[in-house]
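Take a look at the structure below.
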Amino acid sequence: MKVREKFIIADTQYQQIAVDFAAQMAFGIQGLPSCFKMLPSYLPRACGQERGQYLSLDFGGTNVRAVLVELAGCGRVNIVRSAARPIPVQLTGSAAQAEQLFDFIAELIAEVAQAEQAYALGHTFSFPVRQTDINSGVLVEWAKEFATAGVVGSDINSLLRKALAARGLVSVQPQVLLNDTVATLLAASYTDKNTIIGSICGTGHNTAFFDPTSNMIINLEAGNFDLLPVNEYDLLLDAVSNNPGRQKLEKMTAGRYLGELFRLAVQREDFAQPFALDTQLLAEIICGQDARFDQVEQELAVAIVQRAASLVAASYAGVLSYLNLEPGRHYSIAIDGSLYEKMPLYAAGIRATLDRLMAEQTEHIRIFAESRGSSVGGAVAAALASKSFCEEDI
Ligand code: GLC
């Protein structure tokens, strides 16, 4: 069998993945054993009339960003100021301490906040956090190869508050803690009230959905879905990762891993180092822009990306079937993340596979890029926490 063929999955298998995905959601929501954590966000959707200036902190991918956002109501948004910086790798390893990581974040917030002004901050922290209310929650485990010491088991906004206080930024008040999938759903629902799924296809992969029963957005931690047809390269990647046996769907679909999967499958001496081949290069190979790679290798790269997109689509089909939607109504899926925005074939692959898997039932399903998910979503969450919208507007 050619290496490329090992990355091809039949539609019948994608159908099965959708069925299993929905079943795992149903188990998770009932508190039965499930690969999903089903983490409550304590947040409803946006009503579109939230107003005011809020600070948004976005932490959990390749960059950390602080953004001052003005919500103007009627779905209108202005970005007032922002600062972003790549997270130094030495802060993400197990040798680094929580205090060092959160001081780096506080330093960035200081660039956006003015000392004399008070700010409510929405903290988008893109890892599995078990919350007890809108503003408190502990990190369950790291993902995406992060391993900083002293964060798992700690209350995330307490760590942030301490770091802000140490820098004299007491006027910045963290008021909400939320996952990036929740932020994406919130940001999207600020302008599109039909949004029922928020998803990230970036460094990591995860999905949240709006649960009408609890009137709350729930974070699946979908990257941990594991009823999947894996090949020998998936197993190899899993074995050398920081979290073997965990986050199997994420390892087959997300930006942190796709280049590595290709590197393991292609076995070239000039790319002997683990993680030496990133998603940027994978995108160039797919477009035939790197003469070092031949057509067979290009087709392999295409197969890896197409499988990733199709797996994500199958997971959305699973969520939609779990939600048991009203026929004929419009629903929206909002996606944020670099892979969805930039990786050739990825966005088109999601749409095409969803259409195939759901046959004629997809014309009412809008899939769109919500590229300001974490900044606007964090601000909307802070507005919801401070109830800064006119009740009569709803
Ligand atoms: C990882 C995290 C999850 C996050 C996703 C996307 O899967 O566990 O919380 O939403 O990455 O950033």
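Please note that chains go A, B, ... in the order of the structure tokens, that every chain numbers its residues from 1, and that ligands are numbered from 1 in the order shown.
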Output the neighbourhood of ligand 1 as a JSON list (two decimals) with N, CA and C atoms, in the first residue's frame, that is, all protein and nucleic acid residues with some atom at most 9 Å from the ligand, counting only C-alpha atoms and all ligand atoms.
```json
[["chain", "number", "residue", "atom", "x", "y", "z"],
["A", 59, "PHE", "N", -5.03, 33.73, 25.01],
["A", 59, "PHE", "CA", -3.83, 32.94, 25.30],
["A", 59, "PHE", "C", -4.10, 31.46, 24.98],
["A", 60, "GLY", "N", -3.19, 30.86, 24.22],
["A", 60, "GLY", "CA", -3.37, 29.42, 24.02],
["A", 60, "GLY", "C", -2.95, 28.89, 22.67],
["A", 61, "GLY", "N", -2.48, 29.76, 21.80],
["A", 61, "GLY", "CA", -2.00, 29.28, 20.50],
["A", 61, "GLY", "C", -0.52, 29.61, 20.38],
["A", 125, "PHE", "N", -8.75, 31.52, 27.44],
["A", 125, "PHE", "CA", -7.65, 30.61, 27.79],
["A", 125, "PHE", "C", -7.96, 29.27, 27.11],
["A", 126, "SER", "N", -7.16, 28.94, 26.09],
["A", 126, "SER", "CA", -7.58, 27.87, 25.17],
["A", 126, "SER", "C", -7.07, 26.49, 25.53],
["A", 127, "PHE", "N", -7.44, 26.06, 26.72],
["A", 127, "PHE", "CA", -7.09, 24.73, 27.20],
["A", 127, "PHE", "C", -8.27, 24.21, 28.02],
["A", 128, "PRO", "N", -8.29, 22.90, 28.32],
["A", 128, "PRO", "CA", -9.44, 22.37, 29.08],
["A", 128, "PRO", "C", -9.46, 22.87, 30.52],
["A", 129, "VAL", "N", -10.46, 23.67, 30.84],
["A", 129, "VAL", "CA", -10.58, 24.23, 32.18],
["A", 129, "VAL", "C", -11.92, 23.80, 32.76],
["A", 141, "GLU", "N", -5.73, 19.68, 32.19],
["A", 141, "GLU", "CA", -4.48, 19.15, 31.65],
["A", 141, "GLU", "C", -4.04, 20.08, 30.53],
["A", 142, "TRP", "N", -2.76, 20.08, 30.22],
["A", 142, "TRP", "CA", -2.26, 20.86, 29.10],
["A", 142, "TRP", "C", -2.55, 20.14, 27.79],
["A", 143, "ALA", "N", -2.51, 20.85, 26.68],
["A", 143, "ALA", "CA", -2.61, 20.26, 25.34],
["A", 143, "ALA", "C", -1.62, 21.03, 24.45],
["A", 144, "LYS", "N", -1.58, 20.67, 23.19],
["A", 144, "LYS", "CA", -0.78, 21.37, 22.17],
["A", 144, "LYS", "C", 0.70, 21.49, 22.55],
["A", 179, "ASN", "N", -13.10, 29.41, 27.06],
["A", 179, "ASN", "CA", -12.33, 28.69, 26.05],
["A", 179, "ASN", "C", -12.43, 29.44, 24.71],
["A", 180, "ASP", "N", -11.46, 29.23, 23.81],
["A", 180, "ASP", "CA", -11.50, 29.93, 22.52],
["A", 180, "ASP", "C", -12.68, 29.48, 21.64],
["A", 181, "THR", "N", -13.13, 28.23, 21.79],
["A", 181, "THR", "CA", -14.30, 27.79, 21.02],
["A", 181, "THR", "C", -15.55, 28.53, 21.49],
["A", 182, "VAL", "N", -15.62, 28.75, 22.80],
["A", 182, "VAL", "CA", -16.76, 29.49, 23.39],
["A", 182, "VAL", "C", -16.69, 30.94, 22.91],
["A", 199, "SER", "N", -15.92, 26.74, 16.59],
["A", 199, "SER", "CA", -14.88, 25.73, 16.49],
["A", 199, "SER", "C", -13.54, 26.38, 16.18],
["A", 200, "ILE", "N", -12.48, 25.73, 16.60],
["A", 200, "ILE", "CA", -11.13, 26.22, 16.29],
["A", 200, "ILE", "C", -10.42, 25.18, 15.44],
["A", 201, "CYS", "N", -9.92, 25.65, 14.30],
["A", 201, "CYS", "CA", -9.03, 24.83, 13.46],
["A", 201, "CYS", "C", -7.75, 25.64, 13.32],
["A", 202, "GLY", "N", -6.88, 25.53, 14.30],
["A", 202, "GLY", "CA", -5.64, 26.31, 14.30],
["A", 202, "GLY", "C", -4.52, 25.43, 14.82],
["A", 203, "THR", "N", -3.73, 25.97, 15.76],
["A", 203, "THR", "CA", -2.67, 25.17, 16.39],
["A", 203, "THR", "C", -3.30, 23.92, 17.00],
["A", 204, "GLY", "N", -4.47, 24.09, 17.62],
["A", 204, "GLY", "CA", -5.23, 22.96, 18.18],
["A", 204, "GLY", "C", -6.56, 22.84, 17.47],
["A", 205, "HIS", "N", -7.32, 21.82, 17.85],
["A", 205, "HIS", "CA", -8.68, 21.69, 17.30],
["A", 205, "HIS", "C", -9.67, 21.39, 18.43],
["A", 206, "ASN", "N", -10.78, 22.09, 18.40],
["A", 206, "ASN", "CA", -11.81, 21.88, 19.42],
["A", 206, "ASN", "C", -13.12, 22.51, 18.95],
["A", 207, "THR", "N", -14.22, 22.09, 19.58],
["A", 207, "THR", "CA", -15.55, 22.58, 19.20],
["A", 207, "THR", "C", -16.41, 22.79, 20.44],
["A", 208, "ALA", "N", -17.21, 23.87, 20.40],
["A", 208, "ALA", "CA", -18.21, 24.13, 21.44],
["A", 208, "ALA", "C", -19.56, 24.24, 20.75],
["A", 219, "ASN", "N", -18.23, 23.44, 26.08],
["A", 219, "ASN", "CA", -16.97, 23.13, 25.41],
["A", 219, "ASN", "C", -16.77, 21.61, 25.44],
["A", 220, "LEU", "N", -16.77, 21.02, 24.25],
["A", 220, "LEU", "CA", -16.63, 19.57, 24.17],
["A", 220, "LEU", "C", -15.25, 19.05, 24.54],
["A", 221, "GLU", "N", -14.21, 19.87, 24.27],
["A", 221, "GLU", "CA", -12.83, 19.37, 24.19],
["A", 221, "GLU", "C", -12.82, 18.22, 23.16],
["A", 222, "ALA", "N", -13.28, 18.60, 21.97],
["A", 222, "ALA", "CA", -13.49, 17.63, 20.88],
["A", 222, "ALA", "C", -12.20, 16.97, 20.40],
["A", 223, "GLY", "N", -11.07, 17.64, 20.63],
["A", 223, "GLY", "CA", -9.78, 17.09, 20.18],
["A", 223, "GLY", "C", -9.48, 15.75, 20.82],
["A", 224, "ASN", "N", -10.18, 15.42, 21.91],
["A", 224, "ASN", "CA", -9.92, 14.15, 22.59],
["A", 224, "ASN", "C", -10.78, 12.99, 22.05],
["A", 247, "GLN", "N", -6.00, 13.31, 23.11],
["A", 247, "GLN", "CA", -6.16, 14.27, 22.02],
["A", 247, "GLN", "C", -5.91, 13.65, 20.63],
["A", 250, "GLU", "N", -7.31, 15.68, 17.68],
["A", 250, "GLU", "CA", -6.48, 16.88, 17.50],
["A", 250, "GLU", "C", -5.18, 16.55, 16.77],
["A", 254, "ALA", "N", -4.94, 19.10, 13.61],
["A", 254, "ALA", "CA", -4.55, 20.47, 14.00],
["A", 254, "ALA", "C", -3.16, 20.87, 13.53],
["A", 337, "GLY", "N", -9.20, 30.24, 13.39],
["A", 337, "GLY", "CA", -7.93, 29.51, 13.41],
["A", 337, "GLY", "C", -7.19, 29.59, 12.09]]
```
Tell me, as number ranges by chain, which residues lie within 9 Å of Tyr316 of chain A, counting only C-alpha atoms; anything in the same chain fewer than 5 positions away does not count. A: 18, 21, 197, 207, 311, 321, 333, 354
Would you list the contacts of segment 339-349 of chain A as a count of residues only, taking every protein, DNA or RNA residue within 7 Å and counting only C-alpha atoms, but skipping same-chain residues closer than 4 positions in sequence? 9
Which polymer residues have any atom within 10 Å of an atom of segment 216-218 of chain A, counting only C-alpha atoms, with same-chain residues fewer than 4 positions away left out, as number ranges by chain? A: 29, 37-45, 179, 181-183, 185-186, 196-198, 207-212
Keeping only N, CA and C atoms, write the selected residues as a PDB file, in the first residue's frame.
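Final output, result_6.pdb:
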```
ATOM      1  N   ILE A  29     -23.013  14.255  28.245  1.00  0.00           N
ATOM      2  CA  ILE A  29     -23.974  15.190  28.849  1.00  0.00           C
ATOM      3  C   ILE A  29     -24.725  14.528  30.004  1.00  0.00           C
ATOM      4  N   LYS A  37     -15.127  16.028  27.558  1.00  0.00           N
ATOM      5  CA  LYS A  37     -15.231  16.572  28.929  1.00  0.00           C
ATOM      6  C   LYS A  37     -16.531  17.349  29.124  1.00  0.00           C
ATOM      7  N   MET A  38     -17.131  17.844  28.039  1.00  0.00           N
ATOM      8  CA  MET A  38     -18.394  18.598  28.097  1.00  0.00           C
ATOM      9  C   MET A  38     -18.339  19.679  29.183  1.00  0.00           C
ATOM     10  N   LEU A  39     -17.428  20.614  29.023  1.00  0.00           N
ATOM     11  CA  LEU A  39     -17.187  21.602  30.073  1.00  0.00           C
ATOM     12  C   LEU A  39     -18.176  22.770  29.974  1.00  0.00           C
ATOM     13  N   PRO A  40     -18.967  23.022  31.032  1.00  0.00           N
ATOM     14  CA  PRO A  40     -19.913  24.141  30.990  1.00  0.00           C
ATOM     15  C   PRO A  40     -19.178  25.483  31.008  1.00  0.00           C
ATOM     16  N   SER A  41     -19.665  26.437  30.217  1.00  0.00           N
ATOM     17  CA  SER A  41     -19.006  27.758  30.165  1.00  0.00           C
ATOM     18  C   SER A  41     -19.693  28.765  31.081  1.00  0.00           C
ATOM     19  N   TYR A  42     -20.924  28.447  31.506  1.00  0.00           N
ATOM     20  CA  TYR A  42     -21.765  29.380  32.275  1.00  0.00           C
ATOM     21  C   TYR A  42     -22.104  30.630  31.469  1.00  0.00           C
ATOM     22  N   LEU A  43     -21.949  30.539  30.152  1.00  0.00           N
ATOM     23  CA  LEU A  43     -22.258  31.688  29.288  1.00  0.00           C
ATOM     24  C   LEU A  43     -23.337  31.306  28.280  1.00  0.00           C
ATOM     25  N   PRO A  44     -24.319  32.212  28.068  1.00  0.00           N
ATOM     26  CA  PRO A  44     -25.294  31.979  26.999  1.00  0.00           C
ATOM     27  C   PRO A  44     -24.704  32.505  25.678  1.00  0.00           C
ATOM     28  N   ARG A  45     -25.520  32.613  24.647  1.00  0.00           N
ATOM     29  CA  ARG A  45     -25.026  33.279  23.428  1.00  0.00           C
ATOM     30  C   ARG A  45     -25.145  34.787  23.596  1.00  0.00           C
ATOM     31  N   ASN A 179     -13.096  29.409  27.057  1.00  0.00           N
ATOM     32  CA  ASN A 179     -12.328  28.689  26.051  1.00  0.00           C
ATOM     33  C   ASN A 179     -12.427  29.438  24.712  1.00  0.00           C
ATOM     34  N   THR A 181     -13.127  28.228  21.793  1.00  0.00           N
ATOM     35  CA  THR A 181     -14.297  27.792  21.016  1.00  0.00           C
ATOM     36  C   THR A 181     -15.551  28.530  21.493  1.00  0.00           C
ATOM     37  N   VAL A 182     -15.625  28.754  22.798  1.00  0.00           N
ATOM     38  CA  VAL A 182     -16.759  29.490  23.388  1.00  0.00           C
ATOM     39  C   VAL A 182     -16.693  30.942  22.909  1.00  0.00           C
ATOM     40  N   ALA A 183     -15.480  31.507  22.905  1.00  0.00           N
ATOM     41  CA  ALA A 183     -15.290  32.890  22.437  1.00  0.00           C
ATOM     42  C   ALA A 183     -15.705  33.016  20.974  1.00  0.00           C
ATOM     43  N   LEU A 185     -17.908  31.167  19.352  1.00  0.00           N
ATOM     44  CA  LEU A 185     -19.378  31.088  19.259  1.00  0.00           C
ATOM     45  C   LEU A 185     -20.017  32.405  19.723  1.00  0.00           C
ATOM     46  N   LEU A 186     -19.464  32.991  20.798  1.00  0.00           N
ATOM     47  CA  LEU A 186     -19.994  34.266  21.305  1.00  0.00           C
ATOM     48  C   LEU A 186     -19.811  35.385  20.286  1.00  0.00           C
ATOM     49  N   ILE A 196     -24.692  28.057  16.182  1.00  0.00           N
ATOM     50  CA  ILE A 196     -24.866  27.017  17.209  1.00  0.00           C
ATOM     51  C   ILE A 196     -23.568  26.257  17.484  1.00  0.00           C
ATOM     52  N   ILE A 197     -22.567  26.458  16.605  1.00  0.00           N
ATOM     53  CA  ILE A 197     -21.287  25.783  16.825  1.00  0.00           C
ATOM     54  C   ILE A 197     -20.174  26.818  16.702  1.00  0.00           C
ATOM     55  N   GLY A 198     -19.228  26.770  17.634  1.00  0.00           N
ATOM     56  CA  GLY A 198     -18.003  27.565  17.517  1.00  0.00           C
ATOM     57  C   GLY A 198     -16.856  26.579  17.515  1.00  0.00           C
ATOM     58  N   THR A 207     -14.221  22.090  19.580  1.00  0.00           N
ATOM     59  CA  THR A 207     -15.545  22.577  19.197  1.00  0.00           C
ATOM     60  C   THR A 207     -16.411  22.794  20.437  1.00  0.00           C
ATOM     61  N   ALA A 208     -17.208  23.870  20.401  1.00  0.00           N
ATOM     62  CA  ALA A 208     -18.213  24.128  21.438  1.00  0.00           C
ATOM     63  C   ALA A 208     -19.564  24.239  20.748  1.00  0.00           C
ATOM     64  N   PHE A 209     -20.638  23.962  21.488  1.00  0.00           N
ATOM     65  CA  PHE A 209     -21.971  24.087  20.895  1.00  0.00           C
ATOM     66  C   PHE A 209     -22.889  24.773  21.891  1.00  0.00           C
ATOM     67  N   PHE A 210     -23.974  25.332  21.364  1.00  0.00           N
ATOM     68  CA  PHE A 210     -24.961  25.967  22.236  1.00  0.00           C
ATOM     69  C   PHE A 210     -25.992  24.919  22.632  1.00  0.00           C
ATOM     70  N   ASP A 211     -26.133  24.736  23.957  1.00  0.00           N
ATOM     71  CA  ASP A 211     -27.067  23.738  24.470  1.00  0.00           C
ATOM     72  C   ASP A 211     -28.354  24.448  24.900  1.00  0.00           C
ATOM     73  N   PRO A 212     -29.437  24.308  24.131  1.00  0.00           N
ATOM     74  CA  PRO A 212     -30.662  25.041  24.463  1.00  0.00           C
ATOM     75  C   PRO A 212     -31.254  24.618  25.801  1.00  0.00           C
TER      76      PRO A 212
END
```
Can you list, as a list in words, every protein, DNA or RNA residue that comes within 8 Å of segment 12-17 of chain A when you count only C-alpha atoms, leaving out same-chain residues fewer than 5 positions away? Leu227, Leu228, Ser310, Leu311, Ala314, Ser315, Gly318 and Leu357 of chain A
Near segment 24-28 of chain A, 10 Å: segment 268-374 of chain A residue rows, closest pairs, only C-alpha atoms, as a Markdown table:
```
| residue | atom | partner | partner_atom | distance |
| --- | --- | --- | --- | --- |
| A:Gly318 | CA | A:Met25 | CA | 8.6 |
| A:Val319 | CA | A:Met25 | CA | 7.8 |
| A:Tyr322 | CA | A:Met25 | CA | 7.3 |
| A:Leu323 | CA | A:Met25 | CA | 9.8 |
```
Per-residue DSSP, segment 218-362 of chain A, filtered to alpha helix (DSSP H), as a PyMOL selection string: chain A and resi 232-240+248-253+255-266+279-286+295-323+338-342+346-357
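Checking A:Arg307, A:Arg246, A:Arg268, A:Lys251 one by one against Phe293 of chain A, counting only C-alpha atoms, you find the shortest gap at A:Arg268.
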May I have the residues within 12 Å of Lys387 of chain A as a PyMOL selection string, using only C-alpha atoms and disregarding those fewer than 6 positions away in the same chain? chain A and resi 43+46-47+49-52+120+175+379-381
Okay, now the selection with C-alpha atoms, as a tab-separated table (two decimals), in the first residue's frame?
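Contents of result_26.tsv, as written:
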```tsv
chain	number	residue	atom	x	y	z
A	43	LEU	CA	-22.26	31.69	29.29
A	46	ALA	CA	-24.66	37.00	22.70
A	47	CYS	CA	-27.81	39.04	22.15
A	49	GLN	CA	-26.69	44.54	22.01
A	50	GLU	CA	-23.79	44.21	24.44
A	51	ARG	CA	-21.99	47.56	24.71
A	52	GLY	CA	-18.89	49.17	26.17
A	120	ALA	CA	-13.15	44.43	32.84
A	175	GLN	CA	-14.15	38.92	35.09
A	379	ALA	CA	-15.21	41.28	25.13
A	380	VAL	CA	-18.76	39.97	24.67
A	381	ALA	CA	-18.19	37.59	27.59
```
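Here the question is which of A:Ala66, A:Ile8, A:Ala369, A:Leu91 gets nearest to Ile79 of chain A using only C-alpha atoms, and that residue is A:Ala66.
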Any chance you could list, as a ChimeraX atom specification, the residues in segment 208-307 of chain A that come up strand (DSSP E or B) when DSSP is run on the backbone? /A:208-211,216-219
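In this comparison, which uses only C-alpha atoms, the residue of A:Gly168, A:Gly137, A:Pro229, A:Gly378 approaching Val152 of chain A most closely is A:Gly137.
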Selected residue, from A:Leu169, A:Leu159, A:Val69, A:Leu121, that lies nearest to Glu107 of chain A when counting only C-alpha atoms: A:Leu169
Suppose you want the space between atom CA of Arg356 of chain A and atom CA of Ala265 of chain A; what is it in Å? 27.9 Å
Contacts of Gly75 of chain A within 6 Å, only C-alpha atoms, excl. fewer than 4 positions in-chain, as a PyMOL selection string: chain A and resi 48+190-191
